[in-house]
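> My questions all concern the structure below.
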Amino acid sequence: MKLPIYMDNHATTPVDPRVFEAMRPYLTNVFGNAASRNHSFGWEAEEATEKARKQVASLIGATSKEIVFTSGATESNNLALKGVAEMYAEKGNHIITAATEHKAILDTCKRLEKHGTRVTYLPVQQNGLVDLDQLRAAITDKTVLISIMHANNEIGVLQPIREIGKIAKERGILVHTDGTQAAGKIPVSVLDDNIDLMSISAHKMYGPKGVGALYVRRRNPRVQLTAQMDGGGHERGMRSGTLNVPGIVGLGEACALAQAEMPAESKRLAFLRDKLKERLLNSLDEVYINGTLEHRLPNNLNISFAYVEGESLLMGINEIAVSSGSACTSATLEPSYVLKALGAGDDLAHSSIRFGLGRFNTEEQVDYVAGKVIEVVKKLRELSPLYEMFKEGIDLTKVQWTAH
Amino acid sequence: MAYSDKVIDHYNHPRNVGSLDKSDPNVGTGMVGAPECGDVMKLQVKVNPATGVIEDAKFKTFGCGSAIASSSLATEWLRGKTVDEALAIKNTDIVTELSLPPVKIHCSVLAEDAIKAAITDYKKKAAPVPAEAARV
């Protein structure tokens with residue numbers, strides 16, 4: 001078996017060779033500008049982007065005219081939130097989101113707050129899900145938008161999007177969902193779920209980096225956005241800039257493959273994930289799964305190995321690429337705010353590992369990863385004064401620590 | 001983050017892992033850090049009361065690779081030193097020896113704190129004369 005093993009598919013995914021083959025002509029001899037209306041070079045490019053638009057729309061149950069191509073989900077999130085806040089400013093200035101959203105949502109909200117938007121950050125329950133009663137209670141007559149992610153990028157939990165869509169529709173409020181992790185992994189239908197805006201990204205589903213899309217509902221209601229970038233008025237005036245034709249072709253192909261293979265692939269991933277989980281739980285004590293298992297992406301396992309610090313665990317399994325919520329692995333030296341929002345305590349955030357299984361992981365790899373993680377956790381617990389104290393029956397929450 | 005070879009060596013082959021008998025009057029125990037902060041070090045020294053030389057040192061650490069390496073190195077340095085020499089170990093010595101990057105300097109500070117805490121504990125045990133009595 002080849003090392004290292006990549007099991008960090010929530011961070012990014014490799015480009016599927018089939019996606020690359022679809023893109024290849026558009027990186028070489030088919031180079032036209034999709035906005036060139038008067039010659040065959042432009043027509044070829046436009047034809048390719050329109051095919052991709054259909055493929056993207058099909059994956060999420062939309063129509064192709066509702067797809068706006070962007071540079072990725074961060075841009076899509078910015079465009080959705082800022083575009084709605086600006087366009088609907090006269091109607092209201094209140095946005096509801098959740099504490100566990102991606103930074104592309106939270107930091108966009110922080111920016112909007114500086115310009116007079118009021119933002120409610122809903123807490124989540126211990127299972128990682130928002131409480132619908134709290135959502136209902138947070139709605140005011142000034143609320144213009146609810147933005148709740150479909151699947152969480154750290155713990156993989158699936159928010160009750162359909163119920164949120166229903167609540168919002170009853171109150172005439174728009175719903176945006178960051179579908180970066182969900183699209184292509186689980187069935188998504190903007191129609192059934194009453195979603196008005198949805199962000200997606202190509203590189204989370206075996207497409208290239210630097211391309212994504214924003215779904216913008218055209219009917220019932222027709223959602224309007226204020227463009228956040230000035231220029232040639234591409235994408236029906238919502239996103240100027242020459243279309244990234246090869247990237248868009250890659251996104252389209254990635255969506256088509258994900259859609260075609262989803263039924264079998266999601267079963268395969270869930271089997272591998274559950275095998276990994278069972279082996280870890282059966283071989284180690286004091287292991288905690290972060291977030292509900294019931295409503296979760298099939299490829300996600302976020303697990304805390306108590307009394308072992310995450311970065312030291314990553315160091316011991318350095319031929320396996322996963323990520324940790326430990327402060328030591330973050331740029332800010334703060335433990336994961338998502339895990340903190342679950343209320344599990346900072347110590348379990350420091351001890352967490354996120355496994356993100358993907359299309360190219362095999363059962364053999366899962367077996368190897370499980371064995372290696374078990375071995376290193378055991379070794380580090382031999383070294384851990386906290387595990388020693390736990391074994392002696394000392395209640396660690398009652399110890400007077402010397403914080404530094 | 002890239003680790004230095006010395007950090008990797010201490011991580012892969014930690015020196016002097018274990019625990020000494022806390023109730024032994026010649027053993028000093030230092031426990032510093034907090035689980036919520038992501039690192040806790042327990043460092044113990046066993047001192048020969050006749051010579052004042054540290055004959056044994058043990059550690060257990062919950063923390064990143066650099067924290068483990070800092071405390072492992074500290075136990076190596078402590079063995080054979082007198083109590084006073086041990087107190088002269090500075091965190092910057094550990095930073096230099098392990099080539100710790102700026103974000104990992106707190107690991108070395110924690111190791112220095114652990115050394116000081118262990119020796120303070122030993123001294124408290126070795127000189128049980130209350131301060132008031134000494135002043136009279």
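Residue numbering restarts at 1 for every chain of the structure tokens, chains are lettered A, B, ... in their displayed order, and ligands are numbered from 1 as they appear.
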With chain A as the partner and 6 Å as the cut-off, tabulate the residues of chain B that qualify, each row holding the nearest pair of atoms and their distance in Å to one decimal, using only C-alpha atoms, sorted by chain and rising number, as CSV.


```
residue,atom,partner,partner_atom,distance
B:Val32,CA,A:Thr402,CA,5.6
B:Gly33,CA,A:Ala403,CA,5.3
B:Ala34,CA,A:Trp401,CA,5.2
B:Pro35,CA,A:Asp347,CA,5.3
B:Glu36,CA,A:Asp347,CA,4.6
B:Gly38,CA,A:His350,CA,5.7
B:Lys60,CA,A:Leu383,CA,4.9
B:Thr61,CA,A:Ser384,CA,5.1
B:Phe62,CA,A:Ser384,CA,4.8
B:Gly63,CA,A:Glu309,CA,5.1
B:Cys64,CA,A:Ser312,CA,4.4
B:Gly65,CA,A:Ser312,CA,4.9
```

> Using C-alpha atoms, can you write the selected residues to a file as a JSON list (two decimals), in the first residue's frame?


```
[["chain", "number", "residue", "atom", "x", "y", "z"],
["B", 32, "VAL", "CA", 2.01, 22.70, 35.16],
["B", 33, "GLY", "CA", -0.41, 23.66, 32.39],
["B", 34, "ALA", "CA", -4.09, 22.90, 31.96],
["B", 35, "PRO", "CA", -6.08, 20.50, 29.78],
["B", 36, "GLU", "CA", -8.16, 23.35, 28.31],
["B", 38, "GLY", "CA", -3.85, 21.81, 25.37],
["B", 60, "LYS", "CA", 4.66, 12.61, 31.51],
["B", 61, "THR", "CA", 3.25, 15.18, 29.12],
["B", 62, "PHE", "CA", -0.09, 15.83, 27.47],
["B", 63, "GLY", "CA", 0.68, 18.21, 24.65],
["B", 64, "CYS", "CA", 2.05, 18.69, 21.18],
["B", 65, "GLY", "CA", 5.28, 17.13, 19.93]]
```

> Got a sec to tell me which of segment 192-361 of chain A DSSP assigns to strand (DSSP E or B), as an MDAnalysis selection string?

chainID A and resid 197:201 212:216 287:289 296 300:305 320:321 323:324 352:356

> Extract, using only C-alpha atoms, all DNA, RNA and protein residues at most 10 Å from Pro49 of chain B, discarding same-chain residues fewer than 6 positions from it, and format them as a list in words.

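Within the cut-off, the hits are Pro25, Asn26 and Ala126 of chain B.
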
> Keeping only N, CA and C atoms, take the residues you just selected and write them out as a PDB file, in the first residue's frame.


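Dumped to selection.pdb:
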```
ATOM      1  N   PRO B  25      10.037  11.411  50.386  1.00  0.00           N
ATOM      2  CA  PRO B  25      10.463  12.774  50.780  1.00  0.00           C
ATOM      3  C   PRO B  25      11.555  13.338  49.879  1.00  0.00           C
ATOM      4  N   ASN B  26      12.255  12.465  49.155  1.00  0.00           N
ATOM      5  CA  ASN B  26      13.314  12.945  48.271  1.00  0.00           C
ATOM      6  C   ASN B  26      12.832  13.216  46.846  1.00  0.00           C
ATOM      7  N   ALA B 126      11.874  18.828  51.892  1.00  0.00           N
ATOM      8  CA  ALA B 126      13.167  18.614  52.537  1.00  0.00           C
ATOM      9  C   ALA B 126      13.375  19.550  53.716  1.00  0.00           C
TER      10      ALA B 126
END
```

> Which residues are near Ser23 of chain B? Cut-off 10 Å, only C-alpha atoms, ignore same chain within fewer than 5 positions. Put them as a CSV table (one decimal) with N, CA and C atoms, in the first residue's frame.


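As a result, result-v4.csv now contains:
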```
chain,number,residue,atom,x,y,z
B,28,GLY,N,10.5,15.4,44.3
B,28,GLY,CA,9.7,16.6,44.1
B,28,GLY,C,8.9,16.5,42.8
B,29,THR,N,7.6,16.9,42.9
B,29,THR,CA,6.7,16.8,41.7
B,29,THR,C,6.2,18.2,41.3
B,125,LYS,N,9.5,19.8,50.9
B,125,LYS,CA,9.4,18.6,51.6
B,125,LYS,C,10.7,18.4,52.4
```

> For Ser4 of chain B, list every protein, DNA or RNA residue within 12 Å, evaluated using only C-alpha atoms, and leave out those in the same chain fewer than 2 positions away; present the list as JSON, numbers by chain.

{"B": [1, 2, 6, 7, 8, 9, 10, 11, 65, 66, 69, 95, 96, 97, 98, 99, 100, 101, 104]}

> Excluding segment 147-160 of chain A and residues on its chain fewer than 4 positions from it, collect all residues at most 8 Å away from it, counting only C-alpha atoms, and give them as an MDAnalysis selection string.

chainID A and resid 10 95:98 100:102 128:130 164 175:182 290:293 295:297 300:302 338 354

> Take the residues from that selection and put them in a file with C-alpha atoms, as a compact mmCIF listing (two decimals), in the first residue's frame.


```
# COMPACT_ATOMS: atom_id res chain seq x y z
CA HIS A 10 -13.27 17.91 3.73
CA ILE A 95 -29.74 38.02 9.23
CA ILE A 96 -29.86 34.75 11.17
CA THR A 97 -26.98 32.29 11.00
CA ALA A 98 -25.33 29.74 13.31
CA THR A 100 -20.78 26.63 13.67
CA GLU A 101 -20.80 28.11 10.16
CA HIS A 102 -17.66 28.31 8.07
CA GLY A 128 -24.30 20.02 16.52
CA LEU A 129 -27.75 20.88 15.15
CA VAL A 130 -29.59 24.18 15.44
CA ILE A 164 -35.59 25.61 8.02
CA VAL A 175 -32.85 31.00 2.88
CA HIS A 176 -29.21 30.61 1.90
CA THR A 177 -27.32 27.41 2.57
CA ASP A 178 -23.61 26.81 2.30
CA GLY A 179 -23.73 23.52 0.44
CA THR A 180 -19.97 23.17 0.02
CA GLN A 181 -19.72 19.87 1.90
CA ALA A 182 -23.18 18.51 1.06
CA ASN A 290 -18.32 14.81 18.05
CA GLY A 291 -21.76 15.60 16.66
CA THR A 292 -24.70 13.38 15.87
CA LEU A 293 -24.08 10.18 13.91
CA HIS A 295 -27.69 13.15 10.71
CA ARG A 296 -24.27 13.13 9.18
CA LEU A 297 -22.33 12.99 5.93
CA ASN A 300 -17.15 12.12 8.03
CA LEU A 301 -15.84 10.95 11.37
CA ASN A 302 -14.83 13.53 13.97
CA VAL A 338 -17.12 24.37 16.09
CA ARG A 354 -11.31 14.78 11.68
```

> Tell me which protein, DNA and RNA residues are within 10 Å of Val373 of chain A, counting only C-alpha atoms, leaving out same-chain ones fewer than 3 positions away, and put them as a ChimeraX atom specification.

/A:280,284,305,313-314,316-317,320,368-370,376-379
